[in-house]
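Visitor: Shown below is the structure under consideration.
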Amino acid sequence: MSQLIPSTTPLQQFKGHEERVRAVAVFPDKRRMVTGSHDNTVRLWDLKTGEVLKKMEGHSSARVRALAVSRDGRFIASGGYGEVIIWHGETGESLTKPFKTHSDWINSLDFSPDGTVLATGSWDNTTKLWNTKTWKQQGKSIKCGSEVHCVRYSPSGQLLAIATDNNIQIYNAGTRERIKSFKAHKSYNLSLAWTPNGTRLLSGGNNSDPTIREWDAWTWQQVGDRYPCTGHTHKHNINALAINPSGTLAASASDDTHVRLWRLSDRQTIAIFKHSSMARSLTFSVDGTHILSGGKDKMISEWAVPKDALPEDALKELASEDTLPQDTLHNEAIDNSPIPRHVSILDPDNVIRASFMPQILSINTTARNACIAGDLSNAEQLFTQEINTDASNYNAYANRSFIMSRTHHWDHALQDAIKSIAIQPSLTGYISKGIALYGKGDAIAMFNADQHEEALILLRELAAACPNNDTACLIVEAYLRVELGNDAMNDVYHNDAADHFTAAVNSNALSSTSTIHPMYKDFVVLFGWDLTSLWQNAHQKRCDALLRAGRLEDALESYRHMMDKGDKNLLAHCLDWSNAFAKECSALFLANGDAAFAAGNYDNAFDLYSSAIDLDSASDTTFAARSKAKAPILAINARSLLFQKWCDMLLRAGRLEEALKLYRHLMDICDESTKASCLDWSNGKSGQECSTLCLAGGDAALVANEFDRAINLCSLAIELNSTGDAIFATRSKAKLGKVLWEDALLDAQKVIELSPSSHVGFELKHAALRGAQRYDEAIEAFEIMLSALDNAPESHIQKLRQQYVSPSQAEDAIGRLVWIELENAPFRLLNTSTGLLCNRAAQMHSFKISLEYKKLLSFTTTHSDLQMSRIKDVVKAHFRCVLLSHRWEEPEALLHDVHDKVVYELNKPGGIVKLQSFCRIARDAGYSWAWMDTCCIDKNSNTELQESINSMFVWYRHSALTIVYLCDVPPSSQSGALASSAWNGRGWTFQEFVAPKVVIFYQNDWSLYLDDRSPNHKESPAIMKELEDAMGIDRQALVAFRPGMRGAREKLHWASMRITTVQEDVAYSLFGIFNITLPVIYGEKKQRALGRLLQEIVAQSGDITVLDWVGQPSEFNSCLPADIISYIAPPCALPSLSEDEIQRAVSSLQNTQAMAVQPALKLYAQLENMSAPHFANRRLHLPCIAFRVTEVRRRRGQATHFTYGVKADGLRDLVITTDETLIQFSQARPIQQTFFLVRLWDRRLLELPDFGEQLDFAGEEESVRDLSDPESPLDDSEELPGGSPVEVEPVHLESHSRALRLMVRLVQPFSAFLLAQQRVGEYKRIATDHYIIAQVRDVASAHDMMDIKTLDIL
């Protein structure tokens, strides 16, 4: 075959989608087409003009991946990420909102042929079926074990094929039972398509096996397993398959950009159509003359099927085929499909397969008619002519074998059969061989010679010897069994006859329909038998044989089986026999029932009477309706007496429900005159007895939650004229238990009519209305109930009122919880449903008119209800709010832009579009309220602005969700885009990320960042790793962030590189981080704002680490930085001593400096009593250890900085660098100005918690060590051998140790401040460009050089 040249010029192109076209389908009207795209739209097209008739939007996910159109064109179904929308097939309007179907992408949709079921297949490894009337799931999900790529119903709708990663699975569509599972392709199975006749299934593989394989729907074996359809290039998926209406051509779409057209008869490619990019979807036009395909090129292309691929004569022949069923392949293909052995076409488990089972014989009409007419000579000549014309015609050999068998030329018949099988093994050939073997084995002759068992044994042996002929053998065996049964009946061997007839019935070879199966017609050709009435004869004669044998119960069971299995027409033919048999059986059951009743054996009598009545009903009701003729067994009056007698028997046996059922049946079948006599009976003693029992039984059933039983018993009591309000109340309660709200309401109304002053009816009415979600009416009924309780004359009824609360009390309780919930929410919120901006009053009003509020109010009826968490849960759920975190752009939507306007109706560029998209995202996620800082704060109100800034962290902390919008991150960005986004460097966004518990990032097209669909991006490993690296903050610290003073220096370091548009916001954006409330004073400038923040941190915590910075000093206070960037350097970290090093140093002091203990104790006491640092009027009162500076000398260095050598009493010499000019001096050249190098006092040097840490641990139980040991044998002293007591002073020893440990720490290097005196008692910190590291010169004299004081620093 010459190489095909791909066609690149389609007849027409349908353009309009903005992303790849993933799905396409055509309508039966031949006029329209529908497509689904990754642009999140579904579009309806005019096939003739190419115009878009309707653009359908509504999916919340970013892609539409699957489409289906019902066979009648009524419905369109589209699927995206876990959701489906149903659209009107004509108008394109949505019939449903997006409803949740799966937890992952939906890859495939298909309607059942009758349009009653929609199948959905998803990457969540399941397939689900949905009722198209209710759009509710039908039954349980089908668990497929791996990702589902395609679901397709067979043309009959009886089978459902599912393609998964691992295999192809075939299910009975009705029962969901898996029929077959098989490995089809090397790897994933991506696409499926059924031939129109349902006999073949085509499958397409992925890039590791890009072939199309054909599967026999009978055997599920591959057809032409050595020759699958190949042609698509390797490493490219086959994304879609389609088959033309005549079943002769298939089309496939692949990632290799090609659409290939295949001829199914030889699996050859006959045309190739080329897209500019990968092809993802395709379908044939309704008439099969065109192919419509789409893909990554964002359009649908229409291609013409070559005319020579669909010859007109082939189409006419296909349209005129008159075989059963219509979807059968040509005979040659059928004969190549062997029928599995031991499978009956009448077996219920194989009814689907039987729906397309072929006829056995492939005979032309002339020869068939000759066989049926008995003109066997002419038929033989016709088959011989066919053989002479084509010596390889295996069908002709098999057909001539049949003729030879009918003329008893068994050897010739066997030769023709063997020849047929040798040319081509086929079912026809095997059957002809089987018949010839029957003849040669004389099975029929044995039977005729009364060697019945021998004949049947031979028949089974032949069946085992001949593959694929068991159906024929079963039919023959059934026919012979019936003949045996007839002989036994004639000889009055009724049990033997029944066994033979039972064997025939159980063979599964007989047809229960009045029309003979096409396969059985062939037996007329083969044997001359007429098998039309064989099924009926076998069943009828089995019933008669069992009755004659005295096996009454077996006879009744056999009769019922026949009535159940026979079709309408067949049963109509046997009406006379049925009535006669039922009459005879019924008489026997009645007689036996009377005998059992007389003997007091009520259970046995009940069963016998039941059988009699069943037979009676079947004979003159079921069949009479079909034949329009009645032949009652019992006169109606006699039957009513029987029923009355039976009811009495059941009552006495305590079988109340059965008596109820029988009584109702009696009322149904009686005429008016008979019914009057029955009413006299029911109103008499028996009726009263039954009514009393029903009342008691109904109450007991209600207590036991047996609601159906309670309803039935109460209904019977009412039918028996028991009309008290109690019986209606009981039935109403039972109906409430069954969730039958409207029915319960009717009974409640009846209770109110019978007892209008009682509270019971209104209580039931309230419950029924509440269940029916008619909440306003329910509340009204409840108020009437409370009034009835208040006005009840009985004191015990009045006491019931104490447990209830009025609706107004419930409203007050709900209102209080609402205000508590709103305390942590912004003042103004956007209603995502209405698009209106709402203040507190509007928010409350919206809640009060909502369905959940009315439901909550109607359910809050008792004092205990007020204490339940349900109220809090409902309030919290309603007011769940979504907050936006974003970088401001120009222009943003402001308060005046949205005030008293519907957000969704605004038509402005910029921030309005952002706001609308944000509100839609929040609404579609199920949230009623949203907040965006640009438009939800009145910035002209200083009070509101100030409270908003101080509350911002709390609002974000209590948000149900925070959405982060990354305006500079485009769609499909890779990891790293978030880290480099401007959002990640803004001041306000830091608290907007660490405060909320749930955060989701969106790109600038409102698609999810990294397509991460996890419900909380704070739990996304990839996103949190990116932020951890970008921010330099531990992931756990970001996720579990706690506001407050702890770790203040570290938090300032985190914020040091962030920028704000308004300079004061550098400080204001950190109020929430430190849980600080301060006035907001825009215009005060950055240094003052930051100074006030740092001042408050020190004031509240006493934490001196915030003074640990390098850079320029603030005008607010010289100990504070001018800019937050001064905290970018990590805190000064000096090496610390290990515990072993401290112990060694302490020991050394004890050994060499014995006199140092007292000065150390004194120093320890001084330091222990020092107060925490604090601010007052911008002055820092700083407790410290001061070392007086004795010399400052300038050294040569950089022109931009000044370097000085500094000496201080008790410290080693050091060098500092600063921007400030210092006065030089020395001991020889003193000056009046005083300088100090100071060590900031840190209580941790005393091995006590810092002041800031003390605040964090406040309230914790303190552990105090008991210094006396109760188990010690000694008291306060211990006697030594010399008799002199030696005092042991553990307290002194411990204090000595602490003091010496302090000295060890004080002589280690420390971070020092250089302070210069300004006025008497006031100092200024000299800022340096590096930390000043100082160290005590001499341990021995260290305590003498340390001056402990508190300095005031400006």
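A note on labels: chains of the structure tokens are A, B, ... as shown, every chain counts residues from 1, and ligands are counted from 1 in their shown order.
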Write out as number ranges by chain the residues lying within 12 Å of Ser980 (chain A), counting only C-alpha atoms and excluding same-chain residues fewer than 6 positions away.

Guide: A: 966-969, 973-974, 986, 1026-1027, 1029-1031

Visitor: Emit the selected residues as an mmCIF file, in the first residue's frame, including C-alpha atoms.

Guide:
data_model
loop_
_atom_site.group_PDB
_atom_site.id
_atom_site.type_symbol
_atom_site.label_atom_id
_atom_site.label_comp_id
_atom_site.auth_asym_id
_atom_site.auth_seq_id
_atom_site.Cartn_x
_atom_site.Cartn_y
_atom_site.Cartn_z
ATOM 1 C CA LEU A 966 -0.176 37.133 43.339
ATOM 2 C CA CYS A 967 -0.684 39.817 40.703
ATOM 3 C CA ASP A 968 2.784 39.342 39.241
ATOM 4 C CA VAL A 969 2.750 35.525 38.990
ATOM 5 C CA SER A 973 4.421 29.409 36.735
ATOM 6 C CA GLN A 974 7.039 27.093 38.128
ATOM 7 C CA ARG A 986 5.668 43.703 51.549
ATOM 8 C CA GLU A 1026 9.735 27.667 48.850
ATOM 9 C CA LEU A 1027 8.603 30.218 51.460
ATOM 10 C CA ASP A 1029 13.908 29.315 51.778
ATOM 11 C CA ALA A 1030 12.771 32.740 50.622
ATOM 12 C CA MET A 1031 11.959 34.173 54.060
#

Visitor: Determine, counting only C-alpha atoms, which protein, DNA and RNA residues have an atom within 10 Å of an atom of Ala240 (chain A); residues of the same chain fewer than 4 positions away are not included. Present the result as a list in words.

Guide: Arg22, Ala23, Cys150, Leu190, Ser191, Leu192, Ala193, Ser203, Gly204, Gly205, Ala251, Ser252, Ala253, Ser254, Val259, Ala279, Arg280, Ser281, Leu282, Thr283 and Ser293 of chain A

Visitor: Okay, now the selection with all heavy atoms, as a short mmCIF file (atom, residue, chain, number, x, y, z; two decimals), in the first residue's frame?

Guide:
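Output file out_12.cif follows:
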data_model
loop_
_atom_site.label_atom_id
_atom_site.label_comp_id
_atom_site.auth_asym_id
_atom_site.auth_seq_id
_atom_site.Cartn_x
_atom_site.Cartn_y
_atom_site.Cartn_z
N ARG A 22 -10.73 19.78 24.69
CA ARG A 22 -10.54 18.46 25.27
C ARG A 22 -11.67 17.48 24.93
O ARG A 22 -11.48 16.27 25.00
CB ARG A 22 -10.42 18.60 26.79
CG ARG A 22 -10.03 17.34 27.53
CD ARG A 22 -8.68 16.82 27.07
NE ARG A 22 -8.38 15.53 27.63
CZ ARG A 22 -7.65 15.34 28.72
NH1 ARG A 22 -7.13 16.38 29.34
NH2 ARG A 22 -7.40 14.14 29.19
N ALA A 23 -12.85 17.98 24.55
CA ALA A 23 -13.99 17.09 24.32
C ALA A 23 -14.89 17.68 23.25
O ALA A 23 -15.03 18.90 23.13
CB ALA A 23 -14.77 16.87 25.60
N CYS A 150 -11.61 6.33 30.69
CA CYS A 150 -12.73 6.34 29.74
C CYS A 150 -13.83 5.42 30.24
O CYS A 150 -13.55 4.33 30.77
CB CYS A 150 -12.24 5.91 28.36
SG CYS A 150 -13.48 6.16 27.06
N LEU A 190 -6.36 4.25 27.45
CA LEU A 190 -6.84 5.63 27.48
C LEU A 190 -8.21 5.84 26.85
O LEU A 190 -8.94 6.72 27.27
CB LEU A 190 -5.83 6.55 26.78
CG LEU A 190 -4.44 6.66 27.43
CD1 LEU A 190 -3.61 7.70 26.69
CD2 LEU A 190 -4.54 7.00 28.90
N SER A 191 -8.57 5.07 25.81
CA SER A 191 -9.79 5.38 25.08
C SER A 191 -10.52 4.10 24.68
O SER A 191 -9.92 3.03 24.54
CB SER A 191 -9.46 6.21 23.83
OG SER A 191 -8.34 5.67 23.14
N LEU A 192 -11.85 4.23 24.50
CA LEU A 192 -12.71 3.10 24.16
C LEU A 192 -13.74 3.54 23.14
O LEU A 192 -14.12 4.70 23.07
CB LEU A 192 -13.44 2.58 25.40
CG LEU A 192 -12.62 2.01 26.56
CD1 LEU A 192 -13.53 1.78 27.76
CD2 LEU A 192 -11.94 0.71 26.15
N ALA A 193 -14.25 2.56 22.36
CA ALA A 193 -15.38 2.80 21.46
C ALA A 193 -16.02 1.46 21.12
O ALA A 193 -15.32 0.47 20.86
CB ALA A 193 -14.92 3.51 20.17
N SER A 203 -10.08 -0.36 21.79
CA SER A 203 -9.37 0.33 22.85
C SER A 203 -8.10 0.96 22.30
O SER A 203 -7.48 0.43 21.37
CB SER A 203 -9.01 -0.63 24.00
OG SER A 203 -8.11 -1.62 23.55
N GLY A 204 -7.71 2.11 22.88
CA GLY A 204 -6.50 2.81 22.48
C GLY A 204 -5.54 2.92 23.66
O GLY A 204 -5.97 3.16 24.79
N GLY A 205 -4.25 2.77 23.41
CA GLY A 205 -3.25 2.77 24.47
C GLY A 205 -2.52 4.09 24.60
O GLY A 205 -2.75 5.04 23.84
N ALA A 251 -11.95 6.04 13.83
CA ALA A 251 -11.05 7.19 13.79
C ALA A 251 -10.36 7.30 15.14
O ALA A 251 -10.94 6.98 16.17
CB ALA A 251 -11.81 8.47 13.47
N SER A 252 -9.11 7.77 15.14
CA SER A 252 -8.33 7.90 16.36
C SER A 252 -7.59 9.23 16.36
O SER A 252 -7.13 9.69 15.32
CB SER A 252 -7.34 6.74 16.50
OG SER A 252 -6.48 6.68 15.37
N ALA A 253 -7.49 9.85 17.56
CA ALA A 253 -6.79 11.12 17.73
C ALA A 253 -5.61 10.91 18.64
O ALA A 253 -5.73 10.28 19.69
CB ALA A 253 -7.73 12.17 18.31
N SER A 254 -4.44 11.46 18.27
CA SER A 254 -3.21 11.16 19.00
C SER A 254 -2.41 12.42 19.28
O SER A 254 -2.56 13.45 18.60
CB SER A 254 -2.35 10.18 18.20
OG SER A 254 -1.06 10.05 18.75
N VAL A 259 -4.96 12.62 13.14
CA VAL A 259 -6.21 11.87 13.25
C VAL A 259 -6.18 10.83 12.13
O VAL A 259 -6.05 11.18 10.95
CB VAL A 259 -7.44 12.78 13.10
CG1 VAL A 259 -8.71 11.95 13.00
CG2 VAL A 259 -7.52 13.74 14.27
N ALA A 279 -3.68 16.21 18.93
CA ALA A 279 -5.12 16.02 18.80
C ALA A 279 -5.63 15.31 20.05
O ALA A 279 -5.09 14.29 20.45
CB ALA A 279 -5.45 15.21 17.55
N ARG A 280 -6.68 15.85 20.68
CA ARG A 280 -7.15 15.31 21.95
C ARG A 280 -8.57 14.76 21.91
O ARG A 280 -8.98 14.02 22.79
CB ARG A 280 -7.08 16.39 23.04
CG ARG A 280 -5.71 17.00 23.27
CD ARG A 280 -4.67 15.95 23.59
NE ARG A 280 -4.99 15.17 24.75
CZ ARG A 280 -4.57 15.42 25.99
NH1 ARG A 280 -3.78 16.45 26.19
NH2 ARG A 280 -4.89 14.64 27.00
N SER A 281 -9.39 15.15 20.92
CA SER A 281 -10.79 14.74 20.92
C SER A 281 -11.28 14.60 19.48
O SER A 281 -10.76 15.24 18.57
CB SER A 281 -11.64 15.79 21.65
OG SER A 281 -11.45 17.07 21.07
N LEU A 282 -12.29 13.74 19.28
CA LEU A 282 -12.88 13.61 17.96
C LEU A 282 -14.21 12.88 18.04
O LEU A 282 -14.51 12.20 19.04
CB LEU A 282 -11.95 12.88 16.99
CG LEU A 282 -11.95 11.35 16.95
CD1 LEU A 282 -11.28 10.86 15.69
CD2 LEU A 282 -11.27 10.76 18.16
N THR A 283 -15.01 13.01 16.96
CA THR A 283 -16.26 12.28 16.81
C THR A 283 -16.62 12.27 15.34
O THR A 283 -16.13 13.09 14.55
CB THR A 283 -17.39 12.93 17.64
OG1 THR A 283 -18.55 12.13 17.57
CG2 THR A 283 -17.73 14.32 17.11
N SER A 293 -12.62 17.02 14.92
CA SER A 293 -11.55 16.74 15.88
C SER A 293 -10.97 18.05 16.41
O SER A 293 -10.98 19.07 15.74
CB SER A 293 -10.44 15.91 15.21
OG SER A 293 -9.89 16.59 14.11
#

Visitor: Based on DSSP run over this structure's backbone, return all residues of region 36-236 of chain A in strand (DSSP E), as a PyMOL selection string.

Guide: chain A and resi 36-37+41-46+52-57+66-69+75-79+81-88+99-111+117-122+126-131+142-143+148-153+159-164+168-172+178-182+189-194+200-205+212-216

Visitor: Extract, using only C-alpha atoms, all DNA, RNA and protein residues at most 12 Å from Asp1242 (chain A), discarding same-chain residues fewer than 5 positions from it, and format them as a list in words.

Guide: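 Listed by chain and then number, they are Gly1102, Asp1103, Ile1104, Thr1105, Leu1167, Glu1168, Met1170, Ser1171, Ala1172, Pro1173, Leu1182, Pro1183, Cys1184, Ile1185, Glu1247, Leu1248, Pro1249, Asp1250, Phe1251, Gly1252, Glu1253, Leu1302, Arg1305, Leu1306, Phe1310 and Ser1311 of chain A.
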
Visitor: For a test of reading the model, state the distance in Å between CA of Lys298 (chain A) and CA of Glu147 (chain A), rounded to one decimal.

Guide: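 Computing the Euclidean distance for CA of Lys298 (chain A) and CA of Glu147 (chain A) yields 26.1 Å.
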
Visitor: Show me, as a PyMOL selection string, the residues that have an atom within 9 Å of Thr126 (chain A) when counting only C-alpha atoms, minus same-chain residues fewer than 3 positions from it.

Guide: chain A and resi 102+120-123+141-148

Visitor: Can you tell me, as a list of chain:residue names, what residues are no more than 12 Å from Tyr171 (chain A) when counting only C-alpha atoms, ignoring any on the same chain fewer than 6 positions away?

Guide: A:Thr127, A:Ile142, A:Lys143, A:Cys144, A:Val151, A:Arg152, A:Tyr153, A:Ser154, A:Gly157, A:Gln158, A:Leu159, A:Leu160, A:Ala161, A:Ile162, A:Ala163, A:Glu177, A:Arg178, A:Ile179, A:Lys180, A:Ser181, A:Ala217, A:Ile352

Visitor: Rank nothing, just name the residue among A:Ser285, A:Gln1166, A:Ser808, A:Gln1087 nearest to Met33 (chain A), using only C-alpha atoms.

Guide: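 Among the listed residues, the smallest separation from Met33 (chain A) belongs to A:Ser285.
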
Visitor: Which value, in Å to one decimal, gives the distance between CA of Lys1085 (chain A) and CA of Ile1353 (chain A)?

Guide: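 Result for CA of Lys1085 (chain A) versus CA of Ile1353 (chain A): 21.5 Å, one decimal.
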